[in-house]
Amino acid sequence: MEPKYNHQDVEGRIYRMWEEGGYFTPKIDPKKKPFTILLPLPNASGQMHTGNILMIALEDILIRWHRMKGDPTLWLPGTDHAGTETQITFERELKKEGKTRFNFDRDSLYKTIWDFVQNNKHLIEGQIRKMGASVDWTRYKFSLDPDVVTTVRNTFAKLANDGLVYRDDYIVNYCPTCGTTYADIEVENKERSDALYYLKFGPFIIATTRPETMFRDTALAANPKDKRYKKWLGQTLEIPGLLGPMTMTVIADPEVDPKFGTGIMKVTPAHDTHDYQLGKNFNLPVTPIIDLNGRMDFTWFLNETEISEKFRLRAEKYHNKKAIEVRKLMLADLEEEGLVEKIDQSYTHAVPVCKAGHDIEPTVLPNWFIKVATLNKPAHDAVKSGKVKIYPKWREVTYHRWMENMHDWALSRQNVWGIRIPAWYDVEKNPSLFVTFLNDQKESISGRVSDLLNEHSLEKIKSGLQTVRAPKECSYIISVESPGASYLQETDTFDTWFSSGQWPMVSLGYPDSADFKYFYPTNVLETAWEILSKWVSRMIMLGIYMTGEVPFTDVYLHGVVKALDGRKMSKSLGNVINPEDYIPEFGVDALRMGLAVGNGNGHDYAFPRDKVIAYRNFANKVWNAGRFILLNLEGNSIAEFDKKMPGLDKTDKEIIRKLNMTIKTVDRELEKFRFSLAAEAIYSFFWHEFADKYVESTKERIKNGDIIALSVLQHVYLTCLKLLHPFMPFVTEEIWGLFKKETDRPLIVSSWPARIATQSVAGGPRCDEM
RNA sequence: GGGCGAUUAGCUCAGUGGUAGAGCACUGCGUUUACAUCGCAGGUGUCGGGGGUCCAAAUCCCUCAUCGCCCACCA
């Protein structure tokens with residue numbers, strides 16, 4: 001036995017032993033209550049990040065603890081296709097090859113991304129193994145596995161049947177660069193400095209950051225309490241603009257802040273979320289001017305018959321340019337018309353951006369929606385009543401706030417990489433379907449389907465299909481299978497959270513697999529608090545909707561590992577550290593222990609390298625204490641430890657007493673998800689009570705032939721290995737194998753120490769049936 | 001703008017009413033056989049500021065400051 005613990009010789013070999021021994025796979029025993037955790041899916045868009053690493057460390061502690069306690073324990077792994085995120089990453093790769101997604105028809109693009117993702121999946125699986133995660137690989141799921149896709153579609157059909165699905169125009173967060181819609185919660189607001197234009201609007205001065213949308217302004221709004229504008233309310237005015245006069249009514253909106261700008265604002269229902277709502281309330285026309293590529297479309301104006309040459313030239317100048325360019329182009333024209341009052345160049349405000357960092361262009365699009373109110377209430381109640389408990393408790397507020405303010409869920413994503421929405425449009429009944437497809441020469445053809453069918457067969461259109469855009473009034477059928485040959489399927493896919501929101505059901509084989517019946521509802525959902533709203537709330541909603549039961553009973557939200565500068569890690573700040581990088585030098589055990597100890601109360605925390613070093617040293621300490629005992633056992637035949645065995649002295653009884661206190665503490669703290677306190681308890685007992693004091697005190701006795709001490713040493717030591725195993729699985733398993741006692745079974749499936757002092761090494765409840 | 005959280009030893013953090021703690025770092029001493037990735041000994045702090053409740057406050061309340069994060073339709 002080496003005087004140093006060498007993790008590199010151990011980790012791979014031990015992990016293989018566990019996996020090949022089938023210890024990760026639980027045995028279904030109807031007489032026992034299972035313990036189940038679903039691994040929150042890492043995204044297949046890339047490798048795992050710090051958060052994933054942390055959750056694996058914490059969940060494996062719970063899993064190994066329960067497995068040793070004898071529960072049929074399932075930890076189910078999987079990866080998520082992560083629709084938009086993956087597609088963004090993939091398109092970045094495509095760009096390097098000089099291609100874009102528009103070079104592909106739908107099916108080919110899907111297959112190409114599939115291949116791209118396989119590689120990521122393998123990398124992720126490798127990372128999970130490296131962490132020592134005792135996940136049941138035989139139950140591994142991918143969120144695009146055929147059975148998952150089927151269930152997700154069925155759920156949608158069921159929602160539609162229950163009248164909870166509708167299709168409507170809606171102002172959505174549209175990213176012209178990504179070409180897709182984002183849910184409210186996916187959008188981030190970035191502080192930025194922009195020019196604030198003060199423009200003359202007839203008798204008023206309005207302040208705006210977006211002068212280019214003025215061509216489609218349909219009203220002006222002021223606070224009804226604002227005396228300055230009271231007399232104008234309800235009046236309709238002709239306001240001189242860059243393309244002739246605009247007709248606008250002055251309306252009252254209590255949300256207009258009289259102190260901002262001049263207290264009166266322009267209203268663009270088609271390109272602003274607030275204005276859209278206002279437009280609904282006042283029946284204002286919704287007239288989009290920015291198209292899905294982010295370019296401004298002046299066709300509506302240029303098609304008019306009587307327009308002056310000046311206005312025509314202007315419109316032609318702006319036409320088909322990006323909004324931001326038009327903003328620049330119009331400035332001179334505004335000046336020429338004398339419409340600019342002043343420009344505040346240093347106005348800071350929050351601008352919505354997508355995950356890739358592009359500006360969001362609020363746009364009106366037909367979208368698939370889920371009515372949230374009926375799903376939402378039971379989910380809200382489940383947490384209020386304690387059916388689902390959230391740890392730490394103070395995070396609960398976030399959940400309730402989100403539940404109270406939830407909007408209907410916009411499901412449509414204009415991605416290929418995802419689960420295609422099972423809605424079908426009959427091309428004969430819906431001639432206005434706008435279809436884009438690639439013909440045999442790989443040319444992109446677009447148009448109304450009724451026109452396209454004059455020259456192309458529906459079969460060709462289907463095989464080269466890129467997108468179907470169905471105007472709001474189109475008729476549709478929701479069906480998992482195609483309703484007939486004349487139908488085209490919706491090309492939008494589901495929001496990723498719609499499928500991952502069903503993970504507890506789909507991953508277990510809902511609705512009638514043996515696994516689902518046995519393991520559902522699961523026990524603990526452990527994840528980063530950041531996705532409480534995005535993911536956890538959706539799972540509770542859909543779980544109750546689909547099964548009538550909550551999908552899990554405890555939610556533990558761990559803190560996020562902060563960067564060393566105390567801020568959130570982000571690629572753009574360049575402060576990302578990957579804890580995984582510590583593994584080669586210090587070993588997984590050290591990393592896991594460090595992560596567990598840092599994570600106190602679910603608060604965010606920094607993770608310094610010193611900590612990993614400290615626990616590397618600890619692993620070595622554990623190793624050497626074992627080495628000491630083994631060396632002394634050589635040539636000695638000792639009695640099995642028993643509390644009542646004769647010859648125990650005061651120090652023996654004292655160490656047994658402290659050991660039992662430690663067992664109690666570890667159990668108690670783990671039950672409350674206080675990983676840090678559990679780990680510290682065993683750490684300080686082992687090092688400072690057992691190693692520093694007790695082991696030292698036995699040296700003299702052993703020299704004098706007092707082999708009772710050896711029995712106690714072995715008992716306490718092996719019990720410590722058990723207590724430590726959930727935290728540091730590799731070093732403990734390796735040494736366990738070197739002891740000759742009770743080692744017919746690996747440590748991973750040995751029995752968890754009982755708290756009572758009368759327990760002997762070989763006693764206690766066993767979990768031999770695992 | 002609203003909400004949540006943090007502020008404790010040089011650093012990273014525990015500690016939630018009863019005379020301040022851990023790890024790392026630091027200082028001194030110590031290597032004939034478990035471990036120098038070690039042992040023994042040692043110093044460390046007006047527990048962010050101010051006010052209040054209490055016999056007693058790092059801990060409860062109020063307030064201010066700084067930092068972090070979440071949410072939000074101020075154009």
# chains A, B, ... in the order shown; residues from 1 in each chain; ligands from 1

$ closest_atom_pairs --of "chain B" --to "chain A" --cutoff "12 Å" --atoms "only C-alpha atoms (C1' of nucleotides)" --output "Markdown table"
| residue | atom | partner | partner_atom | distance |
| --- | --- | --- | --- | --- |
| B:G1 | C1' | A:Asp257 | CA | 11.7 |
| B:G2 | C1' | A:Arg401 | CA | 11.3 |
| B:G3 | C1' | A:Thr398 | CA | 8.4 |
| B:C4 | C1' | A:Thr398 | CA | 7.9 |
| B:G5 | C1' | A:His603 | CA | 7.9 |
| B:A6 | C1' | A:His603 | CA | 8.8 |
| B:C11 | C1' | A:Pro608 | CA | 9.1 |
| B:U12 | C1' | A:Pro608 | CA | 6.6 |
| B:C13 | C1' | A:Gly598 | CA | 7.0 |
| B:A14 | C1' | A:Gly600 | CA | 7.6 |
| B:G15 | C1' | A:Leu677 | CA | 10.7 |
| B:A22 | C1' | A:Glu680 | CA | 8.5 |
| B:G23 | C1' | A:Lys611 | CA | 7.2 |
| B:C24 | C1' | A:Asp610 | CA | 5.9 |
| B:A25 | C1' | A:Asp610 | CA | 9.5 |
| B:U33 | C1' | A:Phe628 | CA | 10.4 |
| B:A34 | C1' | A:Phe628 | CA | 4.0 |
| B:C35 | C1' | A:Asn624 | CA | 5.2 |
| B:A36 | C1' | A:Asn617 | CA | 11.2 |
| B:U37 | C1' | A:Asn617 | CA | 4.4 |
| B:C38 | C1' | A:Lys621 | CA | 8.9 |
| B:G39 | C1' | A:Asp692 | CA | 8.2 |
| B:C40 | C1' | A:Asp692 | CA | 10.4 |
| B:C67 | C1' | A:Gly566 | CA | 9.0 |
| B:G68 | C1' | A:Arg567 | CA | 6.7 |
| B:C69 | C1' | A:Lys568 | CA | 8.4 |
| B:C70 | C1' | A:Thr398 | CA | 8.2 |
| B:C71 | C1' | A:Trp402 | CA | 8.6 |
| B:A72 | C1' | A:Asn189 | CA | 9.8 |
| B:C73 | C1' | A:His274 | CA | 4.2 |
| B:C74 | C1' | A:Asp257 | CA | 6.4 |
| B:A75 | C1' | A:Thr208 | CA | 5.6 |

$ residues_around --residues "Glu734 (chain A)" --least-positions-apart "5" --cutoff "12 Å" --atoms "only C-alpha atoms (C1' of nucleotides)" --output "PyMOL selection string"
chain A and resi 1+5-15+17-18+589+619+622-623+626-627+721+725+728-729+739+743+746-748

$ write_last_selection --atoms "N, CA, C and O atoms" --output "short mmCIF file (atom, residue, chain, number, x, y, z; two decimals), in the first residue's frame"
data_model
loop_
_atom_site.label_atom_id
_atom_site.label_comp_id
_atom_site.auth_asym_id
_atom_site.auth_seq_id
_atom_site.Cartn_x
_atom_site.Cartn_y
_atom_site.Cartn_z
N MET A 1 0.85 -1.21 0.00
CA MET A 1 0.00 0.00 0.00
C MET A 1 0.87 1.25 0.00
O MET A 1 1.77 1.41 0.84
N TYR A 5 -2.22 8.51 -1.33
CA TYR A 5 -3.39 8.12 -2.11
C TYR A 5 -3.24 8.67 -3.51
O TYR A 5 -3.10 9.87 -3.69
N ASN A 6 -3.27 7.77 -4.48
CA ASN A 6 -3.12 8.20 -5.86
C ASN A 6 -4.44 8.03 -6.60
O ASN A 6 -4.77 6.95 -7.09
N HIS A 7 -5.20 9.12 -6.68
CA HIS A 7 -6.55 9.02 -7.24
C HIS A 7 -6.57 8.57 -8.68
O HIS A 7 -7.52 7.97 -9.15
N GLN A 8 -5.49 8.88 -9.41
CA GLN A 8 -5.52 8.56 -10.84
C GLN A 8 -5.52 7.06 -11.11
O GLN A 8 -6.02 6.60 -12.13
N ASP A 9 -4.94 6.29 -10.16
CA ASP A 9 -4.96 4.84 -10.33
C ASP A 9 -6.30 4.24 -9.95
O ASP A 9 -6.57 3.08 -10.22
N VAL A 10 -7.11 5.02 -9.26
CA VAL A 10 -8.27 4.46 -8.60
C VAL A 10 -9.58 4.75 -9.33
O VAL A 10 -10.40 3.87 -9.55
N GLU A 11 -9.76 6.03 -9.70
CA GLU A 11 -11.09 6.48 -10.09
C GLU A 11 -11.71 5.70 -11.24
O GLU A 11 -12.85 5.22 -11.12
N GLY A 12 -10.97 5.57 -12.33
CA GLY A 12 -11.54 4.87 -13.48
C GLY A 12 -11.89 3.42 -13.15
O GLY A 12 -12.97 2.93 -13.50
N ARG A 13 -10.98 2.78 -12.46
CA ARG A 13 -11.17 1.36 -12.15
C ARG A 13 -12.37 1.14 -11.23
O ARG A 13 -13.20 0.27 -11.47
N ILE A 14 -12.47 1.96 -10.21
CA ILE A 14 -13.58 1.81 -9.27
C ILE A 14 -14.91 2.09 -9.96
O ILE A 14 -15.89 1.38 -9.77
N TYR A 15 -14.93 3.13 -10.78
CA TYR A 15 -16.19 3.47 -11.44
C TYR A 15 -16.66 2.32 -12.32
O TYR A 15 -17.84 1.96 -12.33
N MET A 17 -15.98 -0.80 -11.90
CA MET A 17 -16.43 -1.89 -11.03
C MET A 17 -17.88 -1.65 -10.61
O MET A 17 -18.71 -2.56 -10.66
N TRP A 18 -18.18 -0.43 -10.20
CA TRP A 18 -19.55 -0.12 -9.80
C TRP A 18 -20.53 -0.34 -10.95
O TRP A 18 -21.57 -0.95 -10.79
N ASP A 589 -12.75 13.20 -5.53
CA ASP A 589 -13.21 13.22 -4.14
C ASP A 589 -12.97 14.60 -3.52
O ASP A 589 -13.84 15.14 -2.85
N ALA A 619 -8.32 13.50 1.81
CA ALA A 619 -8.41 12.17 1.19
C ALA A 619 -7.16 11.36 1.53
O ALA A 619 -7.22 10.17 1.83
N VAL A 622 -7.31 10.14 5.11
CA VAL A 622 -8.19 8.98 5.22
C VAL A 622 -7.43 7.73 4.75
O VAL A 622 -7.46 6.68 5.39
N TRP A 623 -6.76 7.89 3.66
CA TRP A 623 -5.98 6.80 3.09
C TRP A 623 -4.94 6.29 4.10
O TRP A 623 -4.80 5.10 4.34
N GLY A 626 -6.16 4.44 7.18
CA GLY A 626 -6.46 3.06 6.79
C GLY A 626 -5.20 2.24 6.69
O GLY A 626 -5.13 1.09 7.14
N ARG A 627 -4.18 2.85 6.13
CA ARG A 627 -2.91 2.18 5.98
C ARG A 627 -2.33 1.80 7.34
O ARG A 627 -1.85 0.68 7.54
N LEU A 721 -15.65 5.31 6.96
CA LEU A 721 -15.64 5.14 5.50
C LEU A 721 -17.06 5.20 4.95
O LEU A 721 -17.32 5.80 3.91
N HIS A 725 -18.45 7.95 2.46
CA HIS A 725 -18.60 7.46 1.10
C HIS A 725 -19.46 8.33 0.20
O HIS A 725 -19.09 8.60 -0.95
N MET A 728 -17.05 11.29 -0.60
CA MET A 728 -15.78 10.94 -1.25
C MET A 728 -15.81 9.46 -1.63
O MET A 728 -15.18 8.63 -0.98
N PRO A 729 -16.53 9.14 -2.68
CA PRO A 729 -16.81 7.73 -2.96
C PRO A 729 -15.58 6.90 -3.37
O PRO A 729 -15.52 5.72 -3.07
N PHE A 739 -9.62 -3.94 3.15
CA PHE A 739 -9.92 -4.60 4.42
C PHE A 739 -10.53 -5.97 4.13
O PHE A 739 -11.25 -6.14 3.16
N THR A 743 -16.14 -7.35 3.34
CA THR A 743 -15.85 -6.76 2.05
C THR A 743 -16.31 -7.63 0.90
O THR A 743 -15.91 -7.43 -0.23
N PRO A 746 -19.23 -4.40 -2.13
CA PRO A 746 -18.55 -3.09 -2.17
C PRO A 746 -19.20 -2.10 -1.20
O PRO A 746 -20.36 -2.25 -0.83
N LEU A 747 -18.43 -1.09 -0.87
CA LEU A 747 -18.92 -0.07 0.06
C LEU A 747 -20.19 0.60 -0.45
O LEU A 747 -21.08 0.94 0.31
N ILE A 748 -20.27 0.79 -1.75
CA ILE A 748 -21.41 1.51 -2.34
C ILE A 748 -22.74 0.88 -1.95
O ILE A 748 -23.75 1.57 -1.86
#

$ residues_around --residues "region 49-55 of chain B" --least-positions-apart "3" --cutoff "10 Å" --atoms "only C-alpha atoms (C1' of nucleotides)" --output "list of chain:residue names"
B:G17, B:C60, B:C61, B:C62, B:U63, B:C64, B:A65

$ write_last_selection --atoms "N, CA, C and O atoms (P, O5', C5', C4', C3', O3' and C1' of nucleotides)" --output "CSV table (one decimal), in the first residue's frame"
chain,number,residue,atom,x,y,z
B,17,G,P,-31.8,30.9,18.0
B,17,G,O5',-31.3,31.9,19.2
B,17,G,C5',-30.7,33.1,18.8
B,17,G,C4',-29.9,33.7,20.0
B,17,G,C3',-29.8,32.9,21.2
B,17,G,O3',-28.4,32.7,21.5
B,17,G,C1',-30.6,35.1,21.7
B,60,C,P,-31.7,37.5,13.0
B,60,C,O5',-32.8,38.1,14.0
B,60,C,C5',-34.0,37.3,14.3
B,60,C,C4',-34.9,38.2,15.1
B,60,C,C3',-35.1,39.6,14.4
B,60,C,O3',-36.0,39.6,13.4
B,60,C,C1',-34.8,39.8,16.8
B,61,C,P,-35.9,40.6,12.2
B,61,C,O5',-36.5,41.9,12.9
B,61,C,C5',-37.8,42.1,13.2
B,61,C,C4',-38.0,43.5,13.8
B,61,C,C3',-37.6,44.6,12.9
B,61,C,O3',-38.5,44.9,11.9
B,61,C,C1',-36.8,45.0,15.1
B,62,C,P,-38.0,45.4,10.5
B,62,C,O5',-37.6,46.9,10.8
B,62,C,C5',-38.6,47.9,11.2
B,62,C,C4',-37.9,49.2,11.6
B,62,C,C3',-37.0,49.7,10.5
B,62,C,O3',-37.7,50.4,9.5
B,62,C,C1',-35.9,49.9,12.6
B,63,U,P,-37.2,50.5,8.0
B,63,U,O5',-35.9,51.4,8.2
B,63,U,C5',-36.0,52.8,8.5
B,63,U,C4',-34.7,53.5,8.7
B,63,U,C3',-33.7,53.3,7.6
B,63,U,O3',-33.9,54.2,6.6
B,63,U,C1',-32.6,52.8,9.6
B,64,C,P,-33.5,53.9,5.1
B,64,C,O5',-32.0,54.2,5.1
B,64,C,C5',-31.5,55.5,5.4
B,64,C,C4',-30.0,55.5,5.6
B,64,C,C3',-29.2,54.8,4.5
B,64,C,O3',-29.0,55.7,3.4
B,64,C,C1',-28.5,54.0,6.6
B,65,A,P,-28.7,55.1,1.9
B,65,A,O5',-27.3,54.4,2.1
B,65,A,C5',-26.2,55.3,2.3
B,65,A,C4',-24.9,54.4,2.5
B,65,A,C3',-24.6,53.5,1.3
B,65,A,O3',-24.0,54.1,0.2
B,65,A,C1',-24.4,52.4,3.4

$ select_by_dssp --residues "region 321-384 of chain A" --states "strand (DSSP E)" --output "list in words"
Val340, Glu341, Lys342, Ile343, Asp344, Gln345, Ser346, Tyr347, Thr348, His349, Ala350, Val351, Pro352, Val353, Glu361, Pro362, Thr363, Val364, Leu365, Pro366, Asn367, Trp368, Phe369 and Ile370 of chain A

$ residues_around --residues "G18 (chain B)" --least-positions-apart "3" --cutoff "12 Å" --atoms "only C-alpha atoms (C1' of nucleotides)" --output "list in words"
C55, A56, A57 and U59 of chain B

$ decode --residues "region 36-55 of chain B" --atoms "N, CA, C and O atoms (P, O5', C5', C4', C3', O3' and C1' of nucleotides)" --output "mmCIF file, in the first residue's frame"
data_model
loop_
_atom_site.group_PDB
_atom_site.id
_atom_site.type_symbol
_atom_site.label_atom_id
_atom_site.label_comp_id
_atom_site.auth_asym_id
_atom_site.auth_seq_id
_atom_site.Cartn_x
_atom_site.Cartn_y
_atom_site.Cartn_z
ATOM 1 P P A B 36 4.548 12.146 4.713
ATOM 2 O "O5'" A B 36 4.228 13.669 5.093
ATOM 3 C "C5'" A B 36 3.322 14.488 4.316
ATOM 4 C "C4'" A B 36 3.770 15.937 4.410
ATOM 5 C "C3'" A B 36 5.003 16.288 3.584
ATOM 6 O "O3'" A B 36 4.757 17.463 2.825
ATOM 7 C "C1'" A B 36 5.335 16.882 5.846
ATOM 8 P P U B 37 3.956 17.515 1.514
ATOM 9 O "O5'" U B 37 2.426 17.432 2.016
ATOM 10 C "C5'" U B 37 1.579 18.620 2.152
ATOM 11 C "C4'" U B 37 0.188 18.086 2.390
ATOM 12 C "C3'" U B 37 0.277 16.925 3.364
ATOM 13 O "O3'" U B 37 -0.212 17.205 4.676
ATOM 14 C "C1'" U B 37 -0.749 16.266 1.269
ATOM 15 P P C B 38 -1.154 17.906 5.367
ATOM 16 O "O5'" C B 38 -1.177 17.120 6.744
ATOM 17 C "C5'" C B 38 -1.139 15.694 6.762
ATOM 18 C "C4'" C B 38 -0.265 15.223 7.895
ATOM 19 C "C3'" C B 38 -0.360 16.006 9.193
ATOM 20 O "O3'" C B 38 -1.550 15.692 9.906
ATOM 21 C "C1'" C B 38 1.887 15.527 8.744
ATOM 22 P P G B 39 -2.167 16.762 10.850
ATOM 23 O "O5'" G B 39 -1.240 16.695 12.124
ATOM 24 C "C5'" G B 39 -1.151 15.491 12.857
ATOM 25 C "C4'" G B 39 -0.146 15.639 13.963
ATOM 26 C "C3'" G B 39 -0.366 16.836 14.872
ATOM 27 O "O3'" G B 39 -1.347 16.546 15.855
ATOM 28 C "C1'" G B 39 1.905 16.716 14.252
ATOM 29 P P C B 40 -2.225 17.701 16.444
ATOM 30 O "O5'" C B 40 -1.189 18.448 17.402
ATOM 31 C "C5'" C B 40 -0.730 17.807 18.577
ATOM 32 C "C4'" C B 40 0.310 18.673 19.239
ATOM 33 C "C3'" C B 40 -0.116 20.104 19.527
ATOM 34 O "O3'" C B 40 -0.876 20.205 20.719
ATOM 35 C "C1'" C B 40 2.014 20.124 18.519
ATOM 36 P P A B 41 -1.988 21.297 20.851
ATOM 37 O "O5'" A B 41 -1.111 22.629 20.918
ATOM 38 C "C5'" A B 41 -0.358 22.921 22.079
ATOM 39 C "C4'" A B 41 0.518 24.116 21.847
ATOM 40 C "C3'" A B 41 -0.195 25.409 21.483
ATOM 41 O "O3'" A B 41 -0.774 26.048 22.603
ATOM 42 C "C1'" A B 41 1.676 25.131 20.077
ATOM 43 P P G B 42 -2.044 26.945 22.401
ATOM 44 O "O5'" G B 42 -1.467 28.167 21.566
ATOM 45 C "C5'" G B 42 -0.512 29.037 22.146
ATOM 46 C "C4'" G B 42 -0.073 30.063 21.151
ATOM 47 C "C3'" G B 42 -1.178 30.936 20.583
ATOM 48 O "O3'" G B 42 -1.584 31.919 21.511
ATOM 49 C "C1'" G B 42 0.295 30.308 18.853
ATOM 50 P P G B 43 -3.114 32.354 21.605
ATOM 51 O "O5'" G B 43 -3.107 33.641 20.683
ATOM 52 C "C5'" G B 43 -2.062 34.591 20.840
ATOM 53 C "C4'" G B 43 -2.016 35.489 19.650
ATOM 54 C "C3'" G B 43 -3.384 35.817 19.056
ATOM 55 O "O3'" G B 43 -4.094 36.769 19.831
ATOM 56 C "C1'" G B 43 -1.897 35.296 17.305
ATOM 57 P P U B 44 -5.640 36.509 20.174
ATOM 58 O "O5'" U B 44 -6.284 36.949 18.789
ATOM 59 C "C5'" U B 44 -6.059 38.279 18.385
ATOM 60 C "C4'" U B 44 -5.784 38.349 16.895
ATOM 61 C "C3'" U B 44 -7.042 38.496 16.057
ATOM 62 O "O3'" U B 44 -7.443 39.869 16.084
ATOM 63 C "C1'" U B 44 -5.596 36.939 15.032
ATOM 64 P P G B 45 -8.187 40.423 17.413
ATOM 65 O "O5'" G B 45 -8.858 41.708 16.708
ATOM 66 C "C5'" G B 45 -8.710 41.862 15.318
ATOM 67 C "C4'" G B 45 -10.036 41.537 14.628
ATOM 68 C "C3'" G B 45 -11.198 42.365 15.161
ATOM 69 O "O3'" G B 45 -11.408 43.332 14.168
ATOM 70 C "C1'" G B 45 -11.772 40.045 14.875
ATOM 71 P P U B 46 -12.151 44.526 14.128
ATOM 72 O "O5'" U B 46 -13.044 44.488 15.423
ATOM 73 C "C5'" U B 46 -13.084 45.584 16.261
ATOM 74 C "C4'" U B 46 -14.268 45.489 17.165
ATOM 75 C "C3'" U B 46 -15.584 45.794 16.433
ATOM 76 O "O3'" U B 46 -16.223 44.556 16.055
ATOM 77 C "C1'" U B 46 -15.222 47.355 18.184
ATOM 78 P P C B 47 -17.633 43.966 16.259
ATOM 79 O "O5'" C B 47 -17.564 42.866 15.119
ATOM 80 C "C5'" C B 47 -17.752 43.197 13.722
ATOM 81 C "C4'" C B 47 -18.402 42.002 13.069
ATOM 82 C "C3'" C B 47 -19.898 42.162 12.836
ATOM 83 O "O3'" C B 47 -20.051 42.151 11.420
ATOM 84 C "C1'" C B 47 -19.374 40.057 13.855
ATOM 85 P P G B 48 -21.224 42.740 10.653
ATOM 86 O "O5'" G B 48 -20.713 44.196 10.232
ATOM 87 C "C5'" G B 48 -19.394 44.355 9.715
ATOM 88 C "C4'" G B 48 -19.295 45.725 9.124
ATOM 89 C "C3'" G B 48 -20.005 46.812 9.915
ATOM 90 O "O3'" G B 48 -19.202 47.290 10.986
ATOM 91 C "C1'" G B 48 -20.641 46.962 7.668
ATOM 92 P P G B 49 -19.942 47.720 12.329
ATOM 93 O "O5'" G B 49 -20.517 49.158 11.958
ATOM 94 C "C5'" G B 49 -19.631 50.195 11.583
ATOM 95 C "C4'" G B 49 -20.390 51.474 11.371
ATOM 96 C "C3'" G B 49 -21.400 51.815 12.463
ATOM 97 O "O3'" G B 49 -20.779 52.422 13.591
ATOM 98 C "C1'" G B 49 -22.430 52.073 10.372
ATOM 99 P P G B 50 -21.419 52.173 15.033
ATOM 100 O "O5'" G B 50 -22.823 52.928 14.914
ATOM 101 C "C5'" G B 50 -22.865 54.353 14.842
ATOM 102 C "C4'" G B 50 -24.290 54.819 14.673
ATOM 103 C "C3'" G B 50 -25.264 54.345 15.749
ATOM 104 O "O3'" G B 50 -25.171 55.094 16.947
ATOM 105 C "C1'" G B 50 -26.244 54.053 13.633
ATOM 106 P P G B 51 -25.614 54.352 18.327
ATOM 107 O "O5'" G B 51 -27.183 54.179 18.176
ATOM 108 C "C5'" G B 51 -28.049 55.289 18.403
ATOM 109 C "C4'" G B 51 -29.462 54.931 18.028
ATOM 110 C "C3'" G B 51 -30.159 53.928 18.933
ATOM 111 O "O3'" G B 51 -30.612 54.487 20.153
ATOM 112 C "C1'" G B 51 -30.556 53.344 16.696
ATOM 113 P P G B 52 -30.615 53.543 21.461
ATOM 114 O "O5'" G B 52 -31.848 52.580 21.174
ATOM 115 C "C5'" G B 52 -33.178 53.099 21.107
ATOM 116 C "C4'" G B 52 -34.130 52.048 20.637
ATOM 117 C "C3'" G B 52 -34.336 50.868 21.583
ATOM 118 O "O3'" G B 52 -35.229 51.191 22.634
ATOM 119 C "C1'" G B 52 -34.083 50.071 19.373
ATOM 120 P P U B 53 -35.111 50.414 24.022
ATOM 121 O "O5'" U B 53 -35.661 48.963 23.652
ATOM 122 C "C5'" U B 53 -37.038 48.768 23.348
ATOM 123 C "C4'" U B 53 -37.313 47.297 23.149
ATOM 124 C "C3'" U B 53 -36.812 46.407 24.274
ATOM 125 O "O3'" U B 53 -37.735 46.362 25.358
ATOM 126 C "C1'" U B 53 -36.161 45.475 22.204
ATOM 127 P P C B 54 -37.201 46.441 26.857
ATOM 128 O "O5'" C B 54 -36.448 45.052 27.060
ATOM 129 C "C5'" C B 54 -37.173 43.841 27.045
ATOM 130 C "C4'" C B 54 -36.216 42.688 27.029
ATOM 131 C "C3'" C B 54 -35.181 42.691 28.149
ATOM 132 O "O3'" C B 54 -35.714 42.178 29.344
ATOM 133 C "C1'" C B 54 -34.117 42.213 26.088
ATOM 134 P P C B 55 -35.414 42.862 30.715
ATOM 135 O "O5'" C B 55 -33.907 42.493 31.021
ATOM 136 C "C5'" C B 55 -33.184 43.238 31.994
ATOM 137 C "C4'" C B 55 -31.824 42.613 32.194
ATOM 138 C "C3'" C B 55 -31.027 42.373 30.932
ATOM 139 O "O3'" C B 55 -30.324 43.539 30.527
ATOM 140 C "C1'" C B 55 -30.989 40.411 32.253
#
